[in-house]
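Colleague: This structure is in structure tokens; I'll ask about it shortly.
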Amino acid sequence: LLINKTLTTLHLPDNKISPLGSKCIADALLINTTLTTLHLPRNKITSGGVKYIADALLTNGTLTTLYLNDNIMESTGAEYLAGALLLNTTLTTLVLHNNNIYPEGAKYIAHALLANRTLTSLHLGNNNIQSKGAKYIAHALLTNGTLTRLHLGNNNIDSTGAKYIANALLTNRTLTALYLHLNKIHSTGAKYIAHALLTNRALTTLNIADKTTYGPLMGLCERLLFRQLTTKLPFHSHSITTLSLITSTSPRNRGRTRMQ
């Protein structure tokens with residue numbers, strides 16, 4: 001990578017590269033000007049290894065997609081990456097699924113989203129950020145105008161966290177895809193989201209897969225249909241085209257309602 005001028009995508013999953021290997025990759029990123037996509041999942045990269053990569057992102061002007069999912073960066077690693085996001089102007093997709101960043105890590109990432117104007121897709125699933133972390137992310141969504149896809153599935157977010165997200169959806173006009181599946185928002189949280197979607201016109205995809213949320217969101221579908229008939233508005237003005245309502249253990253097509 002130090003001398004290569006043609007490679008644009010590099011996949012290095014399951015290689016146990018550890019912090020030392022991360023440093024080697026980061027050193028290459030300081031010089032390389034062609035690599036745009038880097039996959040480093042399941043490599044036992046700790047916060048120390050993430051720091052090397054984060055430091056490289058401060059100067060690298062080419063990388064647009066970075067997968068660091070299924071590592072062990074924890075909240076400290078999230079802090080390092082958040083610092084890089086404050087200055088980096090090329091990264092558009094960041095995947096941090098399953099890194100145990102917890103609410104504290106979500107706080108660092110959310111702070112970066114207040115200033116970052118490049119990132120469009122953020123994956124934070126399975127990080128146990130809980131409702132406290134969801135509150136930080138929701139606050140960032142009030143002002144962030146670039147993020148379009150947000151993955152927060154399987155994070156122990158309850159109905160209170162869903163309320164934070166719902167309040168953000170009342171003002172956010174950029175987010176088009178939101179994934180909240182496998183949380184604990186239940187019917188109460190689903191009602192908060194449903195209420196927000198009556199106002200929000202940007203979101204087109206919502207994954208809220210949980211058997212306890214099926215009723216409230218089916219009610220939402222009925223209300224949107226009713227508004228279409230009574231106000232004679234074009235149906236696309238209601239924006240939602242895909243609702244995933246049921247857990248993945250249900251039959252493949254049973255839990256998805258498409259509205260076009």
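The way I read the labels, and the way they are meant: chains A, B, ... in the order of the structure tokens, residue 1 as the first residue of every chain, and ligand 1 as the first ligand shown, with later ones counted on from there.
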For Thr9 of chain A, work out the shell of residues within 9 Å, counting only C-alpha atoms and skipping chain neighbours fewer than 3 positions away, then give it as a PyMOL selection string.
Modeller: chain A and resi 34-39
Colleague: Could you pull the residues within 10 Å of Tyr52 of chain A, counting only C-alpha atoms, minus those fewer than 6 positions along the same chain, as a list of chain:residue names?
Modeller: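 Contacts, in chain order: A:Pro19, A:Leu20, A:Gly21, A:Ser22, A:Lys23, A:Cys24, A:Ile25, A:Ala26, A:Asp27, A:Tyr80, A:Leu81.
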Colleague: Only N, CA and C atoms, please: the residues just picked out, written as a PDB file, in the first residue's frame.
Modeller:
```pdb
ATOM      1  N   PRO A  19      -3.277  -4.733  17.534  1.00  0.00           N
ATOM      2  CA  PRO A  19      -2.816  -3.339  17.427  1.00  0.00           C
ATOM      3  C   PRO A  19      -1.597  -3.153  16.531  1.00  0.00           C
ATOM      4  N   LEU A  20      -0.657  -4.084  16.571  1.00  0.00           N
ATOM      5  CA  LEU A  20       0.540  -3.936  15.754  1.00  0.00           C
ATOM      6  C   LEU A  20       0.197  -3.960  14.271  1.00  0.00           C
ATOM      7  N   GLY A  21      -0.671  -4.864  13.875  1.00  0.00           N
ATOM      8  CA  GLY A  21      -1.107  -4.912  12.480  1.00  0.00           C
ATOM      9  C   GLY A  21      -1.870  -3.657  12.099  1.00  0.00           C
ATOM     10  N   SER A  22      -2.638  -3.141  13.040  1.00  0.00           N
ATOM     11  CA  SER A  22      -3.373  -1.898  12.785  1.00  0.00           C
ATOM     12  C   SER A  22      -2.422  -0.747  12.508  1.00  0.00           C
ATOM     13  N   LYS A  23      -1.310  -0.726  13.225  1.00  0.00           N
ATOM     14  CA  LYS A  23      -0.317   0.334  13.013  1.00  0.00           C
ATOM     15  C   LYS A  23       0.280   0.252  11.612  1.00  0.00           C
ATOM     16  N   CYS A  24       0.526  -0.946  11.160  1.00  0.00           N
ATOM     17  CA  CYS A  24       1.075  -1.118   9.814  1.00  0.00           C
ATOM     18  C   CYS A  24       0.101  -0.608   8.760  1.00  0.00           C
ATOM     19  N   ILE A  25      -1.186  -0.950   8.940  1.00  0.00           N
ATOM     20  CA  ILE A  25      -2.206  -0.469   8.007  1.00  0.00           C
ATOM     21  C   ILE A  25      -2.306   1.050   8.072  1.00  0.00           C
ATOM     22  N   ALA A  26      -2.302   1.582   9.279  1.00  0.00           N
ATOM     23  CA  ALA A  26      -2.423   3.031   9.457  1.00  0.00           C
ATOM     24  C   ALA A  26      -1.252   3.771   8.827  1.00  0.00           C
ATOM     25  N   ASP A  27      -0.056   3.230   8.991  1.00  0.00           N
ATOM     26  CA  ASP A  27       1.121   3.868   8.388  1.00  0.00           C
ATOM     27  C   ASP A  27       0.972   3.945   6.870  1.00  0.00           C
ATOM     28  N   TYR A  80     -11.346   7.888  20.117  1.00  0.00           N
ATOM     29  CA  TYR A  80     -10.305   8.165  19.130  1.00  0.00           C
ATOM     30  C   TYR A  80     -10.916   8.422  17.749  1.00  0.00           C
ATOM     31  N   LEU A  81     -11.859   7.571  17.361  1.00  0.00           N
ATOM     32  CA  LEU A  81     -12.490   7.735  16.051  1.00  0.00           C
ATOM     33  C   LEU A  81     -13.298   9.027  15.982  1.00  0.00           C
TER      34      LEU A  81
END
```
Colleague: For Asn116 of chain A, list every protein, DNA or RNA residue within 12 Å, evaluated using only C-alpha atoms, and leave out those in the same chain fewer than 5 positions away; present the list as a ChimeraX atom specification.
Modeller: /A:81-92,109-111,140-141,143-147
Colleague: Which residues are near segment 63-78 of chain A? Cut-off 9 Å, only C-alpha atoms, ignore same chain within fewer than 2 positions. Put them as a PDB file with N, CA and C atoms, in the first residue's frame.
Modeller:
```pdb
ATOM      1  N   THR A   8      -8.124  -0.154  -4.768  1.00  0.00           N
ATOM      2  CA  THR A   8      -9.135   0.737  -4.195  1.00  0.00           C
ATOM      3  C   THR A   8      -9.915   0.095  -3.052  1.00  0.00           C
ATOM      4  N   LEU A  29      -1.878   4.100   5.272  1.00  0.00           N
ATOM      5  CA  LEU A  29      -2.939   5.061   4.959  1.00  0.00           C
ATOM      6  C   LEU A  29      -2.422   6.502   4.970  1.00  0.00           C
ATOM      7  N   THR A  33      -2.867   6.923  -1.616  1.00  0.00           N
ATOM      8  CA  THR A  33      -3.843   7.897  -2.120  1.00  0.00           C
ATOM      9  C   THR A  33      -4.874   7.268  -3.058  1.00  0.00           C
ATOM     10  N   THR A  34      -4.997   5.939  -3.031  1.00  0.00           N
ATOM     11  CA  THR A  34      -5.958   5.290  -3.932  1.00  0.00           C
ATOM     12  C   THR A  34      -6.998   4.443  -3.208  1.00  0.00           C
ATOM     13  N   LEU A  35      -6.659   3.924  -2.028  1.00  0.00           N
ATOM     14  CA  LEU A  35      -7.583   3.047  -1.315  1.00  0.00           C
ATOM     15  C   LEU A  35      -8.804   3.827  -0.836  1.00  0.00           C
ATOM     16  N   THR A  36      -9.996   3.343  -1.192  1.00  0.00           N
ATOM     17  CA  THR A  36     -11.229   4.022  -0.789  1.00  0.00           C
ATOM     18  C   THR A  36     -12.067   3.200   0.190  1.00  0.00           C
ATOM     19  N   THR A  37     -11.876   1.868   0.187  1.00  0.00           N
ATOM     20  CA  THR A  37     -12.683   0.999   1.049  1.00  0.00           C
ATOM     21  C   THR A  37     -11.780   0.035   1.800  1.00  0.00           C
ATOM     22  N   LEU A  38     -11.940  -0.011   3.127  1.00  0.00           N
ATOM     23  CA  LEU A  38     -11.108  -0.867   3.965  1.00  0.00           C
ATOM     24  C   LEU A  38     -11.987  -1.651   4.936  1.00  0.00           C
ATOM     25  N   HIS A  39     -11.889  -2.978   4.862  1.00  0.00           N
ATOM     26  CA  HIS A  39     -12.637  -3.872   5.753  1.00  0.00           C
ATOM     27  C   HIS A  39     -11.678  -4.547   6.727  1.00  0.00           C
ATOM     28  N   LEU A  40     -11.893  -4.318   8.025  1.00  0.00           N
ATOM     29  CA  LEU A  40     -11.061  -4.928   9.064  1.00  0.00           C
ATOM     30  C   LEU A  40     -11.902  -5.579  10.163  1.00  0.00           C
ATOM     31  N   PRO A  41     -12.944  -6.304   9.830  1.00  0.00           N
ATOM     32  CA  PRO A  41     -13.784  -6.899  10.872  1.00  0.00           C
ATOM     33  C   PRO A  41     -13.138  -8.119  11.523  1.00  0.00           C
ATOM     34  N   ARG A  42     -13.523  -8.345  12.772  1.00  0.00           N
ATOM     35  CA  ARG A  42     -13.123  -9.555  13.500  1.00  0.00           C
ATOM     36  C   ARG A  42     -11.602  -9.747  13.508  1.00  0.00           C
ATOM     37  N   ASN A  43     -10.917  -8.724  13.937  1.00  0.00           N
ATOM     38  CA  ASN A  43      -9.463  -8.776  13.961  1.00  0.00           C
ATOM     39  C   ASN A  43      -8.870  -8.529  15.348  1.00  0.00           C
ATOM     40  N   LYS A  44      -9.724  -8.555  16.360  1.00  0.00           N
ATOM     41  CA  LYS A  44      -9.267  -8.326  17.732  1.00  0.00           C
ATOM     42  C   LYS A  44      -8.521  -7.009  17.880  1.00  0.00           C
ATOM     43  N   ILE A  45      -9.004  -5.997  17.170  1.00  0.00           N
ATOM     44  CA  ILE A  45      -8.388  -4.675  17.257  1.00  0.00           C
ATOM     45  C   ILE A  45      -8.893  -3.973  18.512  1.00  0.00           C
ATOM     46  N   THR A  46      -8.000  -3.599  19.364  1.00  0.00           N
ATOM     47  CA  THR A  46      -8.348  -2.918  20.603  1.00  0.00           C
ATOM     48  C   THR A  46      -8.350  -1.403  20.392  1.00  0.00           C
ATOM     49  N   SER A  47      -8.601  -0.678  21.461  1.00  0.00           N
ATOM     50  CA  SER A  47      -8.600   0.785  21.365  1.00  0.00           C
ATOM     51  C   SER A  47      -7.234   1.313  20.931  1.00  0.00           C
ATOM     52  N   GLY A  48      -6.173   0.611  21.338  1.00  0.00           N
ATOM     53  CA  GLY A  48      -4.839   1.035  20.926  1.00  0.00           C
ATOM     54  C   GLY A  48      -4.652   0.940  19.427  1.00  0.00           C
ATOM     55  N   GLY A  49      -5.161  -0.142  18.841  1.00  0.00           N
ATOM     56  CA  GLY A  49      -5.077  -0.282  17.394  1.00  0.00           C
ATOM     57  C   GLY A  49      -5.941   0.720  16.670  1.00  0.00           C
ATOM     58  N   VAL A  50      -7.093   1.009  17.240  1.00  0.00           N
ATOM     59  CA  VAL A  50      -7.993   1.991  16.637  1.00  0.00           C
ATOM     60  C   VAL A  50      -7.360   3.371  16.629  1.00  0.00           C
ATOM     61  N   LYS A  51      -6.577   3.663  17.648  1.00  0.00           N
ATOM     62  CA  LYS A  51      -5.920   4.976  17.706  1.00  0.00           C
ATOM     63  C   LYS A  51      -5.004   5.191  16.502  1.00  0.00           C
ATOM     64  N   ALA A  54      -7.295   5.940  13.612  1.00  0.00           N
ATOM     65  CA  ALA A  54      -7.903   7.262  13.775  1.00  0.00           C
ATOM     66  C   ALA A  54      -6.905   8.374  13.450  1.00  0.00           C
ATOM     67  N   LEU A  57      -6.605   8.786   9.801  1.00  0.00           N
ATOM     68  CA  LEU A  57      -7.762   9.449   9.195  1.00  0.00           C
ATOM     69  C   LEU A  57      -7.672  10.969   9.278  1.00  0.00           C
ATOM     70  N   ASN A  60      -5.423  11.276   5.972  1.00  0.00           N
ATOM     71  CA  ASN A  60      -5.820  10.563   4.755  1.00  0.00           C
ATOM     72  C   ASN A  60      -6.990  11.266   4.081  1.00  0.00           C
ATOM     73  N   GLY A  61      -6.884  11.480   2.780  1.00  0.00           N
ATOM     74  CA  GLY A  61      -7.940  12.184   2.058  1.00  0.00           C
ATOM     75  C   GLY A  61      -8.596  11.349   0.990  1.00  0.00           C
ATOM     76  N   TYR A  80     -11.346   7.888  20.117  1.00  0.00           N
ATOM     77  CA  TYR A  80     -10.305   8.165  19.130  1.00  0.00           C
ATOM     78  C   TYR A  80     -10.916   8.422  17.749  1.00  0.00           C
ATOM     79  N   LEU A  81     -11.859   7.571  17.361  1.00  0.00           N
ATOM     80  CA  LEU A  81     -12.490   7.735  16.051  1.00  0.00           C
ATOM     81  C   LEU A  81     -13.298   9.027  15.982  1.00  0.00           C
ATOM     82  N   ALA A  82     -13.967   9.358  17.072  1.00  0.00           N
ATOM     83  CA  ALA A  82     -14.745  10.594  17.107  1.00  0.00           C
ATOM     84  C   ALA A  82     -13.849  11.803  16.883  1.00  0.00           C
ATOM     85  N   GLY A  83     -12.655  11.771  17.476  1.00  0.00           N
ATOM     86  CA  GLY A  83     -11.716  12.863  17.261  1.00  0.00           C
ATOM     87  C   GLY A  83     -11.329  12.994  15.798  1.00  0.00           C
ATOM     88  N   THR A  90     -13.542  13.052   4.239  1.00  0.00           N
ATOM     89  CA  THR A  90     -13.744  12.109   3.132  1.00  0.00           C
ATOM     90  C   THR A  90     -14.549  10.873   3.516  1.00  0.00           C
ATOM     91  N   LEU A  91     -14.478  10.446   4.768  1.00  0.00           N
ATOM     92  CA  LEU A  91     -15.158   9.218   5.178  1.00  0.00           C
ATOM     93  C   LEU A  91     -16.678   9.407   5.148  1.00  0.00           C
ATOM     94  N   THR A  92     -17.359   8.535   4.412  1.00  0.00           N
ATOM     95  CA  THR A  92     -18.816   8.625   4.298  1.00  0.00           C
ATOM     96  C   THR A  92     -19.533   7.474   4.989  1.00  0.00           C
ATOM     97  N   THR A  93     -18.859   6.326   5.145  1.00  0.00           N
ATOM     98  CA  THR A  93     -19.477   5.157   5.780  1.00  0.00           C
ATOM     99  C   THR A  93     -18.562   4.616   6.863  1.00  0.00           C
ATOM    100  N   LEU A  94     -19.117   4.464   8.076  1.00  0.00           N
ATOM    101  CA  LEU A  94     -18.352   3.943   9.203  1.00  0.00           C
ATOM    102  C   LEU A  94     -19.167   2.848   9.883  1.00  0.00           C
ATOM    103  N   VAL A  95     -18.599   1.652   9.937  1.00  0.00           N
ATOM    104  CA  VAL A  95     -19.288   0.493  10.514  1.00  0.00           C
ATOM    105  C   VAL A  95     -18.565   0.066  11.786  1.00  0.00           C
ATOM    106  N   LEU A  96     -19.249   0.218  12.923  1.00  0.00           N
ATOM    107  CA  LEU A  96     -18.669  -0.100  14.231  1.00  0.00           C
ATOM    108  C   LEU A  96     -19.499  -1.129  14.976  1.00  0.00           C
ATOM    109  N   HIS A  97     -20.242  -1.924  14.265  1.00  0.00           N
ATOM    110  CA  HIS A  97     -21.109  -2.944  14.866  1.00  0.00           C
ATOM    111  C   HIS A  97     -20.318  -3.854  15.816  1.00  0.00           C
ATOM    112  N   ASN A  98     -20.900  -4.094  16.980  1.00  0.00           N
ATOM    113  CA  ASN A  98     -20.357  -5.063  17.941  1.00  0.00           C
ATOM    114  C   ASN A  98     -18.933  -4.728  18.384  1.00  0.00           C
ATOM    115  N   ASN A  99     -18.816  -3.593  19.066  1.00  0.00           N
ATOM    116  CA  ASN A  99     -17.530  -3.174  19.603  1.00  0.00           C
ATOM    117  C   ASN A  99     -17.584  -2.761  21.072  1.00  0.00           C
ATOM    118  N   ASN A 100     -18.731  -2.996  21.702  1.00  0.00           N
ATOM    119  CA  ASN A 100     -18.868  -2.673  23.123  1.00  0.00           C
ATOM    120  C   ASN A 100     -18.476  -1.239  23.452  1.00  0.00           C
ATOM    121  N   ILE A 101     -19.030  -0.290  22.692  1.00  0.00           N
ATOM    122  CA  ILE A 101     -18.680   1.108  22.968  1.00  0.00           C
ATOM    123  C   ILE A 101     -19.531   1.686  24.099  1.00  0.00           C
ATOM    124  N   TYR A 102     -20.672   1.057  24.389  1.00  0.00           N
ATOM    125  CA  TYR A 102     -21.521   1.472  25.507  1.00  0.00           C
ATOM    126  C   TYR A 102     -21.985   2.935  25.377  1.00  0.00           C
ATOM    127  N   PRO A 103     -22.759   3.438  26.323  1.00  0.00           N
ATOM    128  CA  PRO A 103     -23.250   4.826  26.220  1.00  0.00           C
ATOM    129  C   PRO A 103     -22.143   5.867  26.107  1.00  0.00           C
ATOM    130  N   GLU A 104     -21.045   5.634  26.800  1.00  0.00           N
ATOM    131  CA  GLU A 104     -19.951   6.606  26.764  1.00  0.00           C
ATOM    132  C   GLU A 104     -19.376   6.726  25.354  1.00  0.00           C
ATOM    133  N   GLY A 105     -19.223   5.602  24.681  1.00  0.00           N
ATOM    134  CA  GLY A 105     -18.723   5.640  23.318  1.00  0.00           C
ATOM    135  C   GLY A 105     -19.692   6.328  22.377  1.00  0.00           C
ATOM    136  N   ALA A 106     -20.985   6.085  22.590  1.00  0.00           N
ATOM    137  CA  ALA A 106     -22.007   6.754  21.777  1.00  0.00           C
ATOM    138  C   ALA A 106     -21.947   8.267  21.974  1.00  0.00           C
ATOM    139  N   LYS A 107     -21.610   8.680  23.195  1.00  0.00           N
ATOM    140  CA  LYS A 107     -21.495  10.119  23.483  1.00  0.00           C
ATOM    141  C   LYS A 107     -20.383  10.751  22.646  1.00  0.00           C
ATOM    142  N   TYR A 108     -19.257  10.067  22.531  1.00  0.00           N
ATOM    143  CA  TYR A 108     -18.143  10.591  21.729  1.00  0.00           C
ATOM    144  C   TYR A 108     -18.528  10.689  20.255  1.00  0.00           C
ATOM    145  N   ILE A 109     -19.144   9.635  19.745  1.00  0.00           N
ATOM    146  CA  ILE A 109     -19.541   9.615  18.334  1.00  0.00           C
ATOM    147  C   ILE A 109     -20.585  10.705  18.062  1.00  0.00           C
ATOM    148  N   LEU A 119     -19.959  12.275   6.855  1.00  0.00           N
ATOM    149  CA  LEU A 119     -20.465  10.927   7.113  1.00  0.00           C
ATOM    150  C   LEU A 119     -21.949  10.828   6.777  1.00  0.00           C
ATOM    151  N   HIS A 123     -23.054   2.793  11.403  1.00  0.00           N
ATOM    152  CA  HIS A 123     -23.537   1.527  11.951  1.00  0.00           C
ATOM    153  C   HIS A 123     -23.034   1.373  13.388  1.00  0.00           C
ATOM    154  N   LEU A 124     -23.955   1.407  14.341  1.00  0.00           N
ATOM    155  CA  LEU A 124     -23.597   1.272  15.750  1.00  0.00           C
ATOM    156  C   LEU A 124     -24.346   0.126  16.413  1.00  0.00           C
ATOM    157  N   ASN A 127     -23.960  -2.599  20.358  1.00  0.00           N
ATOM    158  CA  ASN A 127     -22.926  -1.949  21.155  1.00  0.00           C
ATOM    159  C   ASN A 127     -23.386  -1.598  22.564  1.00  0.00           C
TER     160      ASN A 127
END
```
Colleague: Sort by chain and increasing residue number a table of all residues of segment 64-164 of chain A within 10 Å of segment 196-203 of chain A, each with its closest pair of atoms and their distance in Å to one decimal, counting only C-alpha atoms, and write it as CSV.
Modeller:
```
residue,atom,partner,partner_atom,distance
A:Thr148,CA,A:Leu203,CA,8.7
A:Arg149,CA,A:Leu203,CA,9.5
A:Lys163,CA,A:Ala196,CA,9.3
```
Colleague: Taking only C-alpha atoms into account, which of A:Ile31, A:Ala166, A:Leu180, A:Leu206 comes nearest Tyr192 of chain A?
Modeller: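 Checking each of A:Ile31, A:Ala166, A:Leu180, A:Leu206 against Tyr192 of chain A, counting only C-alpha atoms, the winner is A:Ala166.
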Colleague: Residues within 7 Å of Lys135 of chain A, please, as an MDAnalysis selection string. Count only C-alpha atoms; anything in the same chain fewer than 3 positions from it doesn't count.
Modeller: chainID A and resid 131:132 138:139 161 164
Colleague: Rounded to one decimal place, report the atom CA of Ala177 of chain A-atom CA of Leu58 of chain A distance in Å.
Modeller: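 Value for the atom CA of Ala177 of chain A-atom CA of Leu58 of chain A distance: 27.8 Å.
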Colleague: Write out as a PyMOL selection string the residues lying within 6 Å of Asn183 of chain A, counting only C-alpha atoms and excluding same-chain residues fewer than 5 positions away.
Modeller: chain A and resi 154-157
Colleague: Using backbone DSSP assignments, extract all alpha helix (DSSP H) residues from segment 70-195 of chain A; output them as JSON, numbers by chain.
Modeller: {"A": [74, 75, 76, 77, 78, 79, 80, 81, 82, 83, 84, 85, 102, 103, 104, 105, 106, 107, 108, 109, 110, 111, 112, 113, 114, 115, 130, 131, 132, 133, 134, 135, 136, 137, 138, 139, 140, 141, 159, 160, 161, 162, 163, 164, 165, 166, 167, 168, 169, 186, 187, 188, 189, 190, 191, 192, 193, 194, 195]}
